[in-house]
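To start, the structure itself, in structure tokens.
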Amino acid sequence: MRPIQTRTVFQNAPSSPLGRVSIAGTIFHSGGVPCDSMRVLGSYAVVFMLDGSGFYRDVNGVSLEVVAGDLILIFPDIAHCYGPYEYSHWTEIYLVFDGAAFDLWRQNGVICPSRPLLRLGAPEYWLRRLESV
């Protein structure tokens, strides 16, 4: 097993009435979030798979296969777990955020806990876009 490597690329944006980004970074060879102790993050997050494959599960019974090019949307109050399968690996870029704008998206169904996965494809393209933000 390769050692986990993390790199923070951004931390602690100033708050605004619409929201803020608290941290962003990359994790190479991530172990994910264990299912025996599902996590409630307390903020929104996106986890974009750059390489590898694995799974996402949450307390609401959502269970999905995840591959490179997929984006997982984490909700602040939903217990969840994710990570690589035993035979695979997992490299991700993540962004943790919160605020009124995202709560409004959720209230209006733009984002929904029952649909936490977006299949974007093209990891290199999306990596450049996410890094530019």
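Chain labels follow the order of the structure tokens: the first chain is A, the next B, and so on; residue numbering restarts at 1 in every chain, and ligands are counted from 1 in their shown order.
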
Fewer than 5 positions away in the same chain doesn't count, so skip those; otherwise give me all residues within 7 Å of stretch 71-79 of chain A, counting only C-alpha atoms, as a PDB file with N, CA and C atoms, in the first residue's frame.
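Listed below is the output, around09.pdb:
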```
ATOM      1  N   MET A  38     -19.148   6.253  10.224  1.00  0.00           N
ATOM      2  CA  MET A  38     -19.590   7.243   9.241  1.00  0.00           C
ATOM      3  C   MET A  38     -19.433   8.649   9.805  1.00  0.00           C
ATOM      4  N   ARG A  39     -19.072   9.565   8.939  1.00  0.00           N
ATOM      5  CA  ARG A  39     -18.773  10.943   9.334  1.00  0.00           C
ATOM      6  C   ARG A  39     -19.931  11.869   8.983  1.00  0.00           C
ATOM      7  N   VAL A  40     -20.227  12.807   9.877  1.00  0.00           N
ATOM      8  CA  VAL A  40     -21.089  13.950   9.592  1.00  0.00           C
ATOM      9  C   VAL A  40     -20.145  15.145   9.557  1.00  0.00           C
ATOM     10  N   LEU A  41     -19.958  15.749   8.392  1.00  0.00           N
ATOM     11  CA  LEU A  41     -18.921  16.759   8.196  1.00  0.00           C
ATOM     12  C   LEU A  41     -19.278  18.112   8.808  1.00  0.00           C
ATOM     13  N   GLY A  42     -20.558  18.491   8.778  1.00  0.00           N
ATOM     14  CA  GLY A  42     -20.949  19.799   9.299  1.00  0.00           C
ATOM     15  C   GLY A  42     -20.822  20.921   8.294  1.00  0.00           C
ATOM     16  N   SER A  43     -20.324  20.631   7.110  1.00  0.00           N
ATOM     17  CA  SER A  43     -20.196  21.576   5.995  1.00  0.00           C
ATOM     18  C   SER A  43     -20.494  20.812   4.715  1.00  0.00           C
ATOM     19  N   TYR A  44     -20.720  21.551   3.648  1.00  0.00           N
ATOM     20  CA  TYR A  44     -20.797  20.928   2.332  1.00  0.00           C
ATOM     21  C   TYR A  44     -19.374  20.641   1.862  1.00  0.00           C
ATOM     22  N   ALA A  45     -19.237  19.689   0.963  1.00  0.00           N
ATOM     23  CA  ALA A  45     -17.943  19.431   0.341  1.00  0.00           C
ATOM     24  C   ALA A  45     -18.179  18.780  -1.009  1.00  0.00           C
ATOM     25  N   VAL A  46     -17.216  18.954  -1.894  1.00  0.00           N
ATOM     26  CA  VAL A  46     -17.163  18.161  -3.120  1.00  0.00           C
ATOM     27  C   VAL A  46     -15.863  17.379  -3.079  1.00  0.00           C
ATOM     28  N   VAL A  47     -15.963  16.139  -3.486  1.00  0.00           N
ATOM     29  CA  VAL A  47     -14.807  15.252  -3.591  1.00  0.00           C
ATOM     30  C   VAL A  47     -14.788  14.798  -5.046  1.00  0.00           C
ATOM     31  N   PHE A  48     -13.763  15.214  -5.781  1.00  0.00           N
ATOM     32  CA  PHE A  48     -13.655  14.861  -7.195  1.00  0.00           C
ATOM     33  C   PHE A  48     -12.571  13.806  -7.356  1.00  0.00           C
ATOM     34  N   MET A  49     -12.960  12.674  -7.926  1.00  0.00           N
ATOM     35  CA  MET A  49     -12.036  11.553  -8.128  1.00  0.00           C
ATOM     36  C   MET A  49     -11.127  11.825  -9.318  1.00  0.00           C
ATOM     37  N   ASP A  58     -24.202   6.343   2.303  1.00  0.00           N
ATOM     38  CA  ASP A  58     -24.644   7.252   3.359  1.00  0.00           C
ATOM     39  C   ASP A  58     -25.751   6.635   4.189  1.00  0.00           C
ATOM     40  N   VAL A  59     -26.098   7.324   5.255  1.00  0.00           N
ATOM     41  CA  VAL A  59     -27.065   6.846   6.227  1.00  0.00           C
ATOM     42  C   VAL A  59     -28.469   6.720   5.623  1.00  0.00           C
ATOM     43  N   PRO A 113     -29.566  15.449  -1.396  1.00  0.00           N
ATOM     44  CA  PRO A 113     -28.852  14.329  -0.805  1.00  0.00           C
ATOM     45  C   PRO A 113     -29.132  12.975  -1.462  1.00  0.00           C
ATOM     46  N   PRO A 116     -26.163  12.410  -4.764  1.00  0.00           N
ATOM     47  CA  PRO A 116     -24.880  13.002  -4.383  1.00  0.00           C
ATOM     48  C   PRO A 116     -23.755  12.815  -5.397  1.00  0.00           C
ATOM     49  N   LEU A 117     -24.029  12.165  -6.522  1.00  0.00           N
ATOM     50  CA  LEU A 117     -22.951  11.846  -7.462  1.00  0.00           C
ATOM     51  C   LEU A 117     -23.206  12.474  -8.825  1.00  0.00           C
ATOM     52  N   LEU A 118     -22.181  13.153  -9.339  1.00  0.00           N
ATOM     53  CA  LEU A 118     -22.211  13.685 -10.706  1.00  0.00           C
ATOM     54  C   LEU A 118     -21.105  13.001 -11.489  1.00  0.00           C
ATOM     55  N   ARG A 119     -21.437  12.467 -12.623  1.00  0.00           N
ATOM     56  CA  ARG A 119     -20.447  11.809 -13.480  1.00  0.00           C
ATOM     57  C   ARG A 119     -19.961  12.833 -14.507  1.00  0.00           C
ATOM     58  N   LEU A 120     -18.878  13.524 -14.170  1.00  0.00           N
ATOM     59  CA  LEU A 120     -18.353  14.599 -15.012  1.00  0.00           C
ATOM     60  C   LEU A 120     -17.403  14.100 -16.085  1.00  0.00           C
TER      61      LEU A 120
END
```

Inset, instruction - Extract, using only C-alpha atoms, all DNA, RNA and protein residues at most 12 Å from A:Ala122, discarding same-chain residues fewer than 4 positions from it, and format them as a list of chain:residue names. - result: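 Near neighbours after the sequence-gap exclusion: A:Phe48, A:Met49, A:Leu50, A:Asp51, A:Val67, A:Ala68, A:Gly69, A:Asp70, A:Leu71, A:Trp126, A:Leu127, A:Arg128, A:Arg129.
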
Spatial neighbours of A:Gly83, max dist 7 Å, only C-alpha atoms, sep filter under 5 positions, as an mmCIF file with N, CA and C atoms, in the first residue's frame:
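Just written: part-v9.cif:
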```cif
data_model
loop_
_atom_site.group_PDB
_atom_site.id
_atom_site.type_symbol
_atom_site.label_atom_id
_atom_site.label_comp_id
_atom_site.auth_asym_id
_atom_site.auth_seq_id
_atom_site.Cartn_x
_atom_site.Cartn_y
_atom_site.Cartn_z
ATOM 1 N N GLY A 31 -7.320 6.835 1.941
ATOM 2 C CA GLY A 31 -8.041 5.705 2.508
ATOM 3 C C GLY A 31 -9.524 5.995 2.628
ATOM 4 N N GLY A 32 -9.924 7.237 2.358
ATOM 5 C CA GLY A 32 -11.328 7.615 2.420
ATOM 6 C C GLY A 32 -11.814 7.820 3.844
ATOM 7 N N VAL A 33 -13.124 7.698 4.018
ATOM 8 C CA VAL A 33 -13.796 7.832 5.310
ATOM 9 C C VAL A 33 -14.368 6.466 5.645
ATOM 10 N N GLY A 54 -13.880 3.239 -6.308
ATOM 11 C CA GLY A 54 -14.309 2.901 -4.970
ATOM 12 C C GLY A 54 -15.805 3.031 -4.815
ATOM 13 N N PHE A 55 -16.237 3.510 -3.642
ATOM 14 C CA PHE A 55 -17.653 3.542 -3.308
ATOM 15 C C PHE A 55 -17.986 4.796 -2.511
ATOM 16 N N TYR A 56 -19.281 5.106 -2.471
ATOM 17 C CA TYR A 56 -19.856 6.121 -1.585
ATOM 18 C C TYR A 56 -21.099 5.494 -0.968
ATOM 19 N N TRP A 90 -7.221 5.501 -4.660
ATOM 20 C CA TRP A 90 -8.141 6.648 -4.670
ATOM 21 C C TRP A 90 -7.315 7.914 -4.574
#
```

Inset, instruction - Would you work out the distance separating atom CA of A:Ile27 from atom CA of A:Gly109, expressed in Å to one decimal? - result: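 Distance between the two atoms: 29.7 Å.
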
Inset, instruction - Would you list the contacts of A:Pro17 as number ranges by chain, taking every protein, DNA or RNA residue within 10 Å and counting only C-alpha atoms, but skipping same-chain residues closer than 6 positions in sequence? - result: A: 99-101

For the residues in that selection, give me N, CA, C and O atoms as a tab-separated table (two decimals), in the first residue's frame.
```tsv
chain	number	residue	atom	x	y	z
A	99	GLY	N	-22.60	27.94	3.60
A	99	GLY	CA	-23.20	29.24	3.44
A	99	GLY	C	-24.61	29.22	2.90
A	99	GLY	O	-25.14	28.20	2.47
A	100	ALA	N	-25.22	30.40	2.95
A	100	ALA	CA	-26.63	30.57	2.58
A	100	ALA	C	-26.91	30.21	1.13
A	100	ALA	O	-27.97	29.66	0.82
A	101	ALA	N	-26.00	30.50	0.24
A	101	ALA	CA	-26.23	30.19	-1.18
A	101	ALA	C	-26.42	28.69	-1.40
A	101	ALA	O	-27.32	28.27	-2.14
```

Note to self: I need the residues in chain A that are alpha helix (DSSP H) according to DSSP; give them as an NGL selection string.
What the structure shows: :A and (100-107 or 123-132)
